[in-house]
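Below: the structure, in structure tokens.
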Amino acid sequence: MPETKTATDTASLAPDFRDDLDRIIAPYRNERGALIAVLQKVQEKLGYLPEPAIAQVAKAMRLSESEVFGVATFYNFFRLKPVGARLVQVCRGTACHVRGGPRILESVKKHLGIGEGQTTADLKYSLETVACIGACALAPNIVINNETYGRMTSKKVAELLGEG
Ligand code: FES
């Protein structure tokens with residue numbers, strides 16, 4: 001699973017993000033067809049696609065901001081909002097579903113007070129569901145910042161998200 005940048009990571013990049021983006025965009029400047037690849041690299045760097053980044057990409061690639069925004073919203077692997085310091089991903093694959101995944105998802109939602117695709121106001125947690133993560137034997141699973149926790153129960157959710 002690819003590493004996911006969190007709000008903590010992006011905060012430290014904020015002041016000089018324009019230079020970082022210039023370096024990322026430079027090799028693709030005249031390749032309009034490379035927009036998705038560029039946006040992926042920007043997201044890898046910043047953790048999400050903030051509006052100023054979309055504007056900078058559009059200008060450098062000679063596209064309108066609405067074209068770039070349209071691509072960023074079309075593909076669900078692009079994020080337009082920052083990710084919390086702890087990204088909680090609940091597996092919605094078949095094995096996890098059959099072994100109580102929906103109940104685990106409800107527990108996480110209740111504990112954090114947010115729904116799927118949302119981030120807590122203090123940027124501590126984000127919640128999303130993911131396809132099978134390949135650890136079906138341990139179903140139901142959740143992943144927190146790329147670390148998998150198997151055989152989840154509502155009690156374990158409360159322990160893991162204790163301070164949430
Ligand atoms: S279905 Fe959840 S790990 Fe495979």
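Here's how to read the names in the structure tokens: chain A, B, ... by the order shown, residue numbers from 1 in each chain, ligand numbers from 1 in the order shown.
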### Task
Assign secondary structure with DSSP using the backbone only, and return the residues of chain A in strand (DSSP E or B) as number ranges by chain.
A: 86-91, 118-119, 125-130, 142-144, 147-149
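Close contacts of Glu106 in chain A, defined as residues with an atom at most 12 Å away when counting only C-alpha atoms, with chain neighbours fewer than 6 positions off set aside, comprise Val90, Gly100, Leu112, Gly113, Ile114, Gly115, Glu116, Leu127, Glu128, Thr129, Thr153, Ser154, Val157 and Ala158 of chain A.
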### Task
Could you tell me which of A:Lys109, A:Gly33, A:Tyr125, A:Ala95 comes closest to Arg151 in chain A if we count only C-alpha atoms?
A:Ala95
Produce a table with one row for each residue of chain A that has an atom at most 8 Å from any atom of ligand 1, each row naming the nearest atom pair and its distance in Å at one decimal; use only C-alpha atoms and all ligand atoms; arrange rows by chain and rising residue number; format as JSON lines.
```
{"residue": "A:Cys91", "atom": "CA", "partner": "ligand 1", "partner_atom_place_in_ligand_line": "2 (Fe)", "distance": 4.8}
{"residue": "A:Arg92", "atom": "CA", "partner": "ligand 1", "partner_atom_place_in_ligand_line": "2 (Fe)", "distance": 6.1}
{"residue": "A:Gly93", "atom": "CA", "partner": "ligand 1", "partner_atom_place_in_ligand_line": "1 (S)", "distance": 3.5}
{"residue": "A:Thr94", "atom": "CA", "partner": "ligand 1", "partner_atom_place_in_ligand_line": "1 (S)", "distance": 4.8}
{"residue": "A:Ala95", "atom": "CA", "partner": "ligand 1", "partner_atom_place_in_ligand_line": "1 (S)", "distance": 4.1}
{"residue": "A:Cys96", "atom": "CA", "partner": "ligand 1", "partner_atom_place_in_ligand_line": "2 (Fe)", "distance": 4.2}
{"residue": "A:His97", "atom": "CA", "partner": "ligand 1", "partner_atom_place_in_ligand_line": "1 (S)", "distance": 6.8}
{"residue": "A:Ala131", "atom": "CA", "partner": "ligand 1", "partner_atom_place_in_ligand_line": "1 (S)", "distance": 7.0}
{"residue": "A:Cys132", "atom": "CA", "partner": "ligand 1", "partner_atom_place_in_ligand_line": "4 (Fe)", "distance": 3.9}
{"residue": "A:Ile133", "atom": "CA", "partner": "ligand 1", "partner_atom_place_in_ligand_line": "3 (S)", "distance": 4.4}
{"residue": "A:Gly134", "atom": "CA", "partner": "ligand 1", "partner_atom_place_in_ligand_line": "3 (S)", "distance": 4.6}
{"residue": "A:Ala135", "atom": "CA", "partner": "ligand 1", "partner_atom_place_in_ligand_line": "3 (S)", "distance": 4.0}
{"residue": "A:Cys136", "atom": "CA", "partner": "ligand 1", "partner_atom_place_in_ligand_line": "4 (Fe)", "distance": 3.7}
{"residue": "A:Ala137", "atom": "CA", "partner": "ligand 1", "partner_atom_place_in_ligand_line": "3 (S)", "distance": 7.2}
{"residue": "A:Leu138", "atom": "CA", "partner": "ligand 1", "partner_atom_place_in_ligand_line": "3 (S)", "distance": 7.1}
{"residue": "A:Ala139", "atom": "CA", "partner": "ligand 1", "partner_atom_place_in_ligand_line": "2 (Fe)", "distance": 5.5}
{"residue": "A:Pro140", "atom": "CA", "partner": "ligand 1", "partner_atom_place_in_ligand_line": "2 (Fe)", "distance": 5.9}
{"residue": "A:Asn141", "atom": "CA", "partner": "ligand 1", "partner_atom_place_in_ligand_line": "2 (Fe)", "distance": 5.7}
```
### Task
Would you kindly return, as a list in words, each protein, DNA or RNA residue with an atom no farther than 12 Å from any atom of Gly70 in chain A, considering only C-alpha atoms and excluding same-chain residues fewer than 5 positions away?
Leu35, Ile36, Leu39, Ile54, Ala58, Leu63, Ser64, Glu65, Tyr75, Asn76, Phe78 and Leu80 of chain A
Mind writing the picked residues with N, CA, C and O atoms as a PDB file, in the first residue's frame?
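Contents of part26.pdb, freshly written:
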```pdb
ATOM      1  N   LEU A  35      -1.458  15.369 -17.320  1.00  0.00           N
ATOM      2  CA  LEU A  35      -2.100  16.028 -16.179  1.00  0.00           C
ATOM      3  C   LEU A  35      -2.326  15.074 -14.997  1.00  0.00           C
ATOM      4  O   LEU A  35      -2.044  15.420 -13.849  1.00  0.00           O
ATOM      5  N   ILE A  36      -2.828  13.883 -15.270  1.00  0.00           N
ATOM      6  CA  ILE A  36      -3.105  12.959 -14.162  1.00  0.00           C
ATOM      7  C   ILE A  36      -1.814  12.596 -13.439  1.00  0.00           C
ATOM      8  O   ILE A  36      -1.761  12.596 -12.200  1.00  0.00           O
ATOM      9  N   LEU A  39      -0.784  15.528 -11.292  1.00  0.00           N
ATOM     10  CA  LEU A  39      -1.614  15.659 -10.090  1.00  0.00           C
ATOM     11  C   LEU A  39      -1.281  14.571  -9.070  1.00  0.00           C
ATOM     12  O   LEU A  39      -1.292  14.805  -7.863  1.00  0.00           O
ATOM     13  N   ILE A  54      -3.739  23.517  -7.538  1.00  0.00           N
ATOM     14  CA  ILE A  54      -4.500  23.323  -8.777  1.00  0.00           C
ATOM     15  C   ILE A  54      -4.284  24.526  -9.704  1.00  0.00           C
ATOM     16  O   ILE A  54      -4.050  24.377 -10.900  1.00  0.00           O
ATOM     17  N   ALA A  58      -2.474  24.372 -13.359  1.00  0.00           N
ATOM     18  CA  ALA A  58      -3.218  24.849 -14.529  1.00  0.00           C
ATOM     19  C   ALA A  58      -2.395  25.871 -15.312  1.00  0.00           C
ATOM     20  O   ALA A  58      -2.249  25.773 -16.531  1.00  0.00           O
ATOM     21  N   LEU A  63      -3.607  25.085 -18.963  1.00  0.00           N
ATOM     22  CA  LEU A  63      -4.983  24.571 -18.911  1.00  0.00           C
ATOM     23  C   LEU A  63      -5.781  25.539 -18.040  1.00  0.00           C
ATOM     24  O   LEU A  63      -5.197  26.314 -17.280  1.00  0.00           O
ATOM     25  N   SER A  64      -7.106  25.461 -18.145  1.00  0.00           N
ATOM     26  CA  SER A  64      -7.892  26.313 -17.247  1.00  0.00           C
ATOM     27  C   SER A  64      -7.983  25.618 -15.890  1.00  0.00           C
ATOM     28  O   SER A  64      -7.866  24.394 -15.794  1.00  0.00           O
ATOM     29  N   GLU A  65      -8.184  26.428 -14.852  1.00  0.00           N
ATOM     30  CA  GLU A  65      -8.309  25.845 -13.514  1.00  0.00           C
ATOM     31  C   GLU A  65      -9.491  24.888 -13.463  1.00  0.00           C
ATOM     32  O   GLU A  65      -9.448  23.866 -12.789  1.00  0.00           O
ATOM     33  N   TYR A  75     -11.642  11.651 -10.582  1.00  0.00           N
ATOM     34  CA  TYR A  75     -11.008  10.419 -10.085  1.00  0.00           C
ATOM     35  C   TYR A  75     -11.032  10.396  -8.558  1.00  0.00           C
ATOM     36  O   TYR A  75     -10.563  11.331  -7.921  1.00  0.00           O
ATOM     37  N   ASN A  76     -11.554   9.298  -8.004  1.00  0.00           N
ATOM     38  CA  ASN A  76     -11.721   9.311  -6.546  1.00  0.00           C
ATOM     39  C   ASN A  76     -10.424   9.085  -5.774  1.00  0.00           C
ATOM     40  O   ASN A  76     -10.409   9.146  -4.562  1.00  0.00           O
ATOM     41  N   PHE A  78      -8.005  11.165  -6.032  1.00  0.00           N
ATOM     42  CA  PHE A  78      -7.486  12.500  -5.712  1.00  0.00           C
ATOM     43  C   PHE A  78      -8.248  13.056  -4.514  1.00  0.00           C
ATOM     44  O   PHE A  78      -9.450  12.896  -4.399  1.00  0.00           O
ATOM     45  N   LEU A  80      -9.144  16.505  -2.308  1.00  0.00           N
ATOM     46  CA  LEU A  80      -9.156  17.965  -2.389  1.00  0.00           C
ATOM     47  C   LEU A  80      -9.083  18.607  -1.004  1.00  0.00           C
ATOM     48  O   LEU A  80      -9.033  19.820  -0.886  1.00  0.00           O
TER      49      LEU A  80
END
```
### Summary
Of A:Ser107, A:Gln43, A:Asn30, A:Ser66, the one sitting nearest Lys156 in chain A when using only C-alpha atoms is A:Ser107
### Query
What lies within 7 Å of Ile142 in chain A using only C-alpha atoms, ignoring chain neighbours under 4 positions off, as number ranges by chain?
A: 88-91, 148-150
### Query
Can you list, as a VMD selection string, every protein, DNA or RNA residue that comes within 9 Å of Gln56 in chain A when you count only C-alpha atoms, leaving out same-chain residues fewer than 2 positions away?
chain A and resid 18 21 to 22 51 to 54 58 to 61 65
Produce a file of the selected residues containing all heavy atoms, as a compact mmCIF listing (two decimals), in the first residue's frame.
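Final file, result_29.txt:
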```txt
# COMPACT_ATOMS: atom_id res chain seq x y z
N ARG A 18 5.40 26.19 -3.51
CA ARG A 18 5.44 26.64 -4.91
C ARG A 18 6.69 26.11 -5.62
O ARG A 18 6.62 25.64 -6.76
CB ARG A 18 5.45 28.17 -5.00
CG ARG A 18 4.14 28.76 -4.55
CD ARG A 18 3.90 30.15 -5.10
NE ARG A 18 2.48 30.37 -5.17
CZ ARG A 18 1.73 30.12 -6.23
NH1 ARG A 18 2.27 29.68 -7.35
NH2 ARG A 18 0.44 30.31 -6.21
N LEU A 21 6.36 22.42 -6.26
CA LEU A 21 5.47 22.15 -7.39
C LEU A 21 6.13 22.48 -8.72
O LEU A 21 5.97 21.75 -9.69
CB LEU A 21 4.16 22.94 -7.25
CG LEU A 21 3.24 22.56 -6.10
CD1 LEU A 21 1.81 22.98 -6.39
CD2 LEU A 21 3.27 21.09 -5.79
N ASP A 22 6.89 23.55 -8.75
CA ASP A 22 7.59 23.91 -9.99
C ASP A 22 8.49 22.76 -10.43
O ASP A 22 8.55 22.41 -11.60
CB ASP A 22 8.44 25.18 -9.79
CG ASP A 22 7.61 26.43 -10.02
OD1 ASP A 22 6.54 26.32 -10.67
OD2 ASP A 22 8.02 27.51 -9.56
N GLU A 51 -6.30 24.20 -3.41
CA GLU A 51 -6.66 25.09 -4.53
C GLU A 51 -5.47 25.81 -5.16
O GLU A 51 -5.35 25.87 -6.39
CB GLU A 51 -7.69 26.13 -4.07
CG GLU A 51 -9.11 25.68 -4.36
CD GLU A 51 -10.12 26.74 -3.98
OE1 GLU A 51 -10.02 27.87 -4.48
OE2 GLU A 51 -10.99 26.42 -3.16
N PRO A 52 -4.53 26.36 -4.35
CA PRO A 52 -3.38 27.04 -4.96
C PRO A 52 -2.54 26.09 -5.83
O PRO A 52 -1.96 26.51 -6.82
CB PRO A 52 -2.58 27.54 -3.76
CG PRO A 52 -3.54 27.57 -2.62
CD PRO A 52 -4.52 26.47 -2.89
N ALA A 53 -2.49 24.82 -5.45
CA ALA A 53 -1.73 23.85 -6.24
C ALA A 53 -2.42 23.61 -7.57
O ALA A 53 -1.78 23.54 -8.63
CB ALA A 53 -1.58 22.54 -5.47
N ILE A 54 -3.74 23.52 -7.54
CA ILE A 54 -4.50 23.32 -8.78
C ILE A 54 -4.28 24.53 -9.70
O ILE A 54 -4.05 24.38 -10.90
CB ILE A 54 -6.00 23.11 -8.47
CG1 ILE A 54 -6.16 21.70 -7.87
CG2 ILE A 54 -6.87 23.29 -9.71
CD1 ILE A 54 -7.56 21.28 -7.60
N ALA A 58 -2.47 24.37 -13.36
CA ALA A 58 -3.22 24.85 -14.53
C ALA A 58 -2.39 25.87 -15.31
O ALA A 58 -2.25 25.77 -16.53
CB ALA A 58 -4.55 25.46 -14.08
N LYS A 59 -1.82 26.82 -14.59
CA LYS A 59 -1.05 27.88 -15.25
C LYS A 59 0.15 27.28 -15.98
O LYS A 59 0.40 27.58 -17.15
CB LYS A 59 -0.60 28.88 -14.18
CG LYS A 59 -0.12 30.17 -14.78
CD LYS A 59 0.08 31.21 -13.70
CE LYS A 59 0.76 32.42 -14.32
NZ LYS A 59 1.51 33.21 -13.38
N ALA A 60 0.88 26.42 -15.28
CA ALA A 60 2.10 25.85 -15.86
C ALA A 60 1.81 24.96 -17.06
O ALA A 60 2.60 24.88 -17.99
CB ALA A 60 2.86 25.07 -14.79
N MET A 61 0.67 24.28 -17.04
CA MET A 61 0.36 23.36 -18.13
C MET A 61 -0.58 23.97 -19.18
O MET A 61 -1.08 23.29 -20.06
CB MET A 61 -0.23 22.06 -17.56
CG MET A 61 0.76 21.34 -16.64
SD MET A 61 0.22 19.72 -16.13
CE MET A 61 0.56 18.75 -17.60
N GLU A 65 -8.18 26.43 -14.85
CA GLU A 65 -8.31 25.84 -13.51
C GLU A 65 -9.49 24.89 -13.46
O GLU A 65 -9.45 23.87 -12.79
CB GLU A 65 -8.47 26.94 -12.46
CG GLU A 65 -7.17 27.63 -12.15
CD GLU A 65 -7.29 28.67 -11.06
OE1 GLU A 65 -8.06 28.46 -10.11
OE2 GLU A 65 -6.61 29.70 -11.17
```
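Minimum distance to Phe17 in chain A across A:Arg103, A:Arg32, A:Arg86, A:Lys45 (counting only C-alpha atoms) occurs at A:Lys45.
Take CA of Phe74 in chain A and CA of Gly47 in chain A: the distance between them is 17.6 Å.
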Where does DSSP see helix (DSSP H, G or I) in range 71-124 of chain A, if you list the residues as a compact mmCIF listing (two decimals) with N, CA and C atoms, in the first residue's frame?
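result16.txt was written with the following content:
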```txt
# COMPACT_ATOMS: atom_id res chain seq x y z
N VAL A 71 -10.69 17.22 -13.58
CA VAL A 71 -9.97 15.94 -13.53
C VAL A 71 -9.77 15.51 -12.07
N ALA A 72 -9.42 16.47 -11.22
CA ALA A 72 -9.16 16.15 -9.81
C ALA A 72 -10.41 15.63 -9.11
N THR A 73 -11.57 16.11 -9.53
CA THR A 73 -12.80 15.64 -8.87
C THR A 73 -13.36 14.37 -9.54
N PHE A 74 -12.96 14.12 -10.78
CA PHE A 74 -13.48 12.94 -11.49
C PHE A 74 -12.93 11.64 -10.90
N THR A 94 -15.01 -8.22 0.60
CA THR A 94 -16.04 -9.22 0.92
C THR A 94 -15.78 -9.93 2.25
N ALA A 95 -14.54 -10.41 2.45
CA ALA A 95 -14.25 -11.16 3.68
C ALA A 95 -14.48 -10.29 4.91
N CYS A 96 -14.03 -9.06 4.85
CA CYS A 96 -14.22 -8.16 5.99
C CYS A 96 -15.70 -7.83 6.17
N HIS A 97 -16.40 -7.66 5.05
CA HIS A 97 -17.83 -7.35 5.12
C HIS A 97 -18.57 -8.49 5.83
N VAL A 98 -18.28 -9.72 5.41
CA VAL A 98 -18.97 -10.88 5.96
C VAL A 98 -18.66 -11.05 7.46
N GLY A 101 -17.36 -6.15 9.04
CA GLY A 101 -16.80 -4.86 8.62
C GLY A 101 -17.76 -3.68 8.79
N PRO A 102 -19.03 -3.83 8.37
CA PRO A 102 -19.95 -2.69 8.51
C PRO A 102 -20.11 -2.25 9.97
N ARG A 103 -20.08 -3.22 10.89
CA ARG A 103 -20.21 -2.87 12.31
C ARG A 103 -18.96 -2.09 12.77
N ILE A 104 -17.80 -2.52 12.27
CA ILE A 104 -16.55 -1.83 12.62
C ILE A 104 -16.58 -0.41 12.08
N LEU A 105 -17.07 -0.27 10.85
CA LEU A 105 -17.15 1.07 10.26
C LEU A 105 -18.06 1.96 11.10
N GLU A 106 -19.18 1.43 11.53
CA GLU A 106 -20.10 2.22 12.37
C GLU A 106 -19.43 2.61 13.67
N SER A 107 -18.66 1.69 14.26
CA SER A 107 -17.96 2.00 15.51
C SER A 107 -16.97 3.14 15.31
N VAL A 108 -16.22 3.08 14.21
CA VAL A 108 -15.22 4.12 13.95
C VAL A 108 -15.93 5.46 13.74
N LYS A 109 -17.01 5.44 12.96
CA LYS A 109 -17.76 6.68 12.70
C LYS A 109 -18.25 7.29 14.00
N LYS A 110 -18.81 6.43 14.85
CA LYS A 110 -19.37 6.90 16.11
C LYS A 110 -18.26 7.46 16.99
N HIS A 111 -17.16 6.75 17.03
CA HIS A 111 -16.06 7.15 17.89
C HIS A 111 -15.46 8.49 17.46
N LEU A 112 -15.31 8.67 16.15
CA LEU A 112 -14.66 9.90 15.65
C LEU A 112 -15.66 11.02 15.38
```
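Distance check against Leu87 in chain A using only C-alpha atoms: of A:Ala26, A:Pro50, A:Leu123, A:Val38, the minimum falls on A:Leu123.
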